[in-house]
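Shown next, in C-alpha cells, is the structure this report addresses.
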Amino acid sequence: MTKEQITIELFQELNQTNIIDHLRSLNDEKKSQFLANLNQLNERISLKKLLKDSKESLNQLNINKITPSTSVIDSLPSTSYQSIIDNKQLQDAYYEIGIDSIKKGEVAVILMAGGQGTRLGSSNPKGCFDIGLPSHKSLFQIQAERLISLQNLANSDIPIHWYIMTSPLTSEPTQSFFEKNNFFGLSKDQITFFNQGTLPALDPKGEQFLIGSPTTLVESPDGNGGLYRALRDNHLIEDFVNRGIKHIHMYCVDNILTKLADPVFIGFAIKNNYQLATKSVRKRSPHESVGVIATRDSKPCVIEYSEISNQLAESIDKETGLLKLRAANIVNHYYSVDLLKSHVDNWCNNLTYHIANKKIPIYDSKTDSIIKFETPNGIKLEQFIFDIFPLIPIEKFGCLEVDRNEEFSPLKNASGTQNDNPETSRLAYLRLTTNWLKDAGAIIKDDDILVEVSSKLSYHGENLSKYNGHIFDKESLIEN
Ligand code: UTP
C-alpha cells in the first residue's frame, strides 16, 4: 500500500467523511499535497487520541452542568506555600541563593509568546505592543532590558539564555522585530526562538476536522500546554543540559511586571528543593474570576473559579485572616531541568485536550471560497500548561506568594475596556518605578506624577541613589 493509501485508510477509519468527500473534489496535484499535509499532521500527533479527548471534554462539560464534582479541594499545605510579601529578610535570603545560581550560568528563561492575542485585537504579536509609556517601549523591549539589568546585577561572564516560544502565527513578526531592534542590546547568541505546534479544529460535535483551504485543515496554536511538546520536539532539554542550565523560569509575554529569571523565585525553589514552583498573587476578592493554585484530592492543581463553591471561595484562613483559597494563578513557573529531562516525554503523550467554542472560517469546495461565521461554528483544542501539576509530588511542588502591585499586571484586553488593558498595564509599571524612586529618596511633587525608570537601568529598584532628593514635578523618563 502506498503512503497516500495508508493516509486515506486512516481518515476513513477515523470516520472523517468531510475529508474523504473533499479529497474526491481535488485534482491529482492538490490531492497529493493535501494527503502529504494530513500525513505530516498524523506523524506529529495522535489524531485518534485527539478525537477521543475532545469527545470526552465535550461530554464532561455536559456532565459537570448536572453533577457537581465530588473531589476534595483544599489550599496548599504550608510546606508548599510561602509568602514574601512584607518579608524582606526572606526575600534577601532567597535572592542570594538565586543570584549565585545565575552567576554560575545555571538559570535560563522561557518566554511564552505564541498566543493569538485575540482580545487585545492587535495585528502584531502582543510583545510588540506599545502600552503608551513615556519611552514608548514595547513589552519585548522592557523584558529584554530587564534581563540586561539582571545580568549587570549578577556581574557574570555567562549571559542568561532567553528561549522565546512563538507559534507559526507570531514567529516571523517576532523575530523580525527583534532583528530590527538589534535584539534590544542583548547578544543575538543568547536568544533561541522556537515554535510551538498547532492542532486541528473540529466541528461543534468534536467529530469532523475542519478544512481551511483546498490542501490544509484549519489549525491553531496548541495552547500554553504546547510548551512541553515544543521543548521536546525542538530538542531544547538537551540544549539546557549542554549549556549547564539547571533551573528554568517560564513566564507569559503579556505581564509587564514580570521579573525575568527572578533570583528570589529561583532561590525559593532551590532552597526548598522543589521540582516545580509557581508564583501567585492574592485574590482581590472571594469572587474574582481567576484560577487558584490549590490541591484536589491532596494533589497540586489549578482550580477554575467556576468549580469552587461560594462557601469555599469565601472561607477564611484562621491563622492569617486572609482568604483560604487566595493563590491566584499568574502562569509564572519554575522548572528544574532534571524534572523536564525525566518527564516531558510522558507529559507530551498524556496531556488532555480542552475545547473552546470559536468562530472558525472554513473552506467551501463547492464555491471555492472561505465562509465566515457570526456565531461559533466549531471548536479549537488547547492543552493547558498546569495540567501536569497533579503529577508532581506535593513535597516537590512550591507556590510563592508575591505582591500583585510589584509583579502582575497582564495585558489581555483592548484599550478602553474595564480591566487588564494597555492603560492598566501602563499605570502598574509607572506606579512601580515611581515607588522605586520614592524609596531611593526622590521627591515626587504630586500623587499623580508618574516616572518611568528604564528597565535597563534598574531590575528591582537598585541604581537609583543619585535621585535622592531629586524633585520630579511632571511625568518623566529616566534612562540612566
Ligand atoms: P492567553 O491565554 O491570555 O492568550 O495567553 P492570548 O493569545 O495572549 O490572548 P487571547 O486569549 O487570544 O485574547 C497567555 C500567555 O500564553 C501564551 C500567550 O502568548 C501569553 O503569553 N500562549 C497562549 C502561547 O504561547 N501559546 C498559546 O497557544 C496560547
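Quick note on naming: the chains in the C-alpha cells go A, B, ... in the order shown, residues restart at 1 in each chain, and ligands are numbered from 1 in order of appearance.
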
Any idea what's packed within 8 Å of Tyr228 of chain A, counting only C-alpha atoms, ignoring anything in its chain fewer than 5 positions away? Could you give it as a ChimeraX atom specification? /A:344,347-348,385

Could you save those same residues with all heavy atoms as a PDB file, in the first residue's frame?
```
ATOM      1  N   VAL A 344       9.119  15.192  30.481  1.00  0.00           N
ATOM      2  CA  VAL A 344       8.448  15.883  29.368  1.00  0.00           C
ATOM      3  C   VAL A 344       7.834  14.911  28.351  1.00  0.00           C
ATOM      4  O   VAL A 344       6.729  15.125  27.866  1.00  0.00           O
ATOM      5  CB  VAL A 344       9.408  16.893  28.694  1.00  0.00           C
ATOM      6  CG1 VAL A 344       9.004  17.173  27.265  1.00  0.00           C
ATOM      7  CG2 VAL A 344       9.371  18.204  29.471  1.00  0.00           C
ATOM      8  N   TRP A 347       4.569  13.727  29.630  1.00  0.00           N
ATOM      9  CA  TRP A 347       3.562  14.794  29.613  1.00  0.00           C
ATOM     10  C   TRP A 347       3.022  14.999  28.189  1.00  0.00           C
ATOM     11  O   TRP A 347       1.816  15.160  28.000  1.00  0.00           O
ATOM     12  CB  TRP A 347       4.149  16.123  30.107  1.00  0.00           C
ATOM     13  CG  TRP A 347       4.613  16.118  31.535  1.00  0.00           C
ATOM     14  CD1 TRP A 347       4.308  15.201  32.503  1.00  0.00           C
ATOM     15  CD2 TRP A 347       5.477  17.066  32.157  1.00  0.00           C
ATOM     16  NE1 TRP A 347       4.930  15.529  33.680  1.00  0.00           N
ATOM     17  CE2 TRP A 347       5.648  16.669  33.506  1.00  0.00           C
ATOM     18  CE3 TRP A 347       6.130  18.221  31.724  1.00  0.00           C
ATOM     19  CZ2 TRP A 347       6.439  17.383  34.404  1.00  0.00           C
ATOM     20  CZ3 TRP A 347       6.912  18.934  32.622  1.00  0.00           C
ATOM     21  CH2 TRP A 347       7.068  18.514  33.938  1.00  0.00           C
ATOM     22  N   CYS A 348       3.940  14.989  27.209  1.00  0.00           N
ATOM     23  CA  CYS A 348       3.508  15.231  25.824  1.00  0.00           C
ATOM     24  C   CYS A 348       2.476  14.202  25.390  1.00  0.00           C
ATOM     25  O   CYS A 348       1.527  14.512  24.691  1.00  0.00           O
ATOM     26  CB  CYS A 348       4.671  15.108  24.854  1.00  0.00           C
ATOM     27  SG  CYS A 348       5.827  16.426  25.005  1.00  0.00           S
ATOM     28  N   ILE A 385      -1.023  24.336  30.383  1.00  0.00           N
ATOM     29  CA  ILE A 385       0.319  24.143  30.967  1.00  0.00           C
ATOM     30  C   ILE A 385       0.241  23.563  32.377  1.00  0.00           C
ATOM     31  O   ILE A 385       1.102  22.810  32.809  1.00  0.00           O
ATOM     32  CB  ILE A 385       1.080  25.492  30.936  1.00  0.00           C
ATOM     33  CG1 ILE A 385       2.560  25.287  31.150  1.00  0.00           C
ATOM     34  CG2 ILE A 385       0.520  26.512  31.914  1.00  0.00           C
ATOM     35  CD1 ILE A 385       3.410  26.421  30.646  1.00  0.00           C
TER      36      ILE A 385
END
```

As a PyMOL selection string, list the residues of segment 37-259 of chain A assigned to strand (DSSP E or B) by DSSP on the backbone atoms of this structure. chain A and resi 73-74+81-83+107-112+130+138+161-166+191-195+198-200+202+209+211-213+216-217+219-221+247-252+255

What's the 9 Å shell around Phe268 of chain A, counting only C-alpha atoms, without same-chain residues fewer than 6 positions away, as number ranges by chain? A: 91, 93-95, 97-98, 274, 277, 398, 400

Please identify the residues whose atoms come within 6 Å of ligand 1, using only C-alpha atoms and all ligand atoms, and report them as a ChimeraX atom specification. /A:112-120,221-224,252-254,412

Name the residues in contact with segment 291-306 of chain A at a cut-off of 6 Å, using only C-alpha atoms, excluding same-chain residues fewer than 4 positions from it; report them as an MDAnalysis selection string. chainID A and resid 72:76 327:329 389:390

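Minimum atom-to-atom distances from A:Lys137, A:Ile245, A:Pro214, A:Lys52 to Ile102 of chain A were compared using only C-alpha atoms, and the lowest value belongs to A:Ile245.
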
Which one of A:Leu257, A:Cys399, A:Ile471, A:Leu41 sits closest to Ala442 of chain A if you count only C-alpha atoms?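 Once distances to Ala442 of chain A are computed over only C-alpha atoms, the minimum belongs to A:Ile471.
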
Might you pull out every residue within 12 Å of Ile370 of chain A, with only C-alpha atoms counted and same-chain residues fewer than 5 positions away left off, and present them as a PyMOL selection string? chain A and resi 210-214+218+360-365

Taken to one decimal, the atom CA of Asp262 of chain A-atom CA of Thr192 of chain A distance is 19.4 Å

Of the listed residues A:Ser425, A:Thr166, A:Asn419, A:Gln275, that which approaches Ser138 of chain A most closely, counting only C-alpha atoms: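 Going through A:Ser425, A:Thr166, A:Asn419, A:Gln275 one by one, the smallest distance to Ser138 of chain A is for A:Ser425.
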
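Those residues that approach Gly206 of chain A to within 9 Å, counting only C-alpha atoms, are A:Leu51, A:Lys52, A:Ser54, A:Lys55, A:Leu58, A:Ala201, A:Leu202, A:Asp203, A:Pro204, A:Gln208, A:Phe209, A:Ile355, A:Gly378, A:Ile379; same-chain residues fewer than 2 positions away are not listed.
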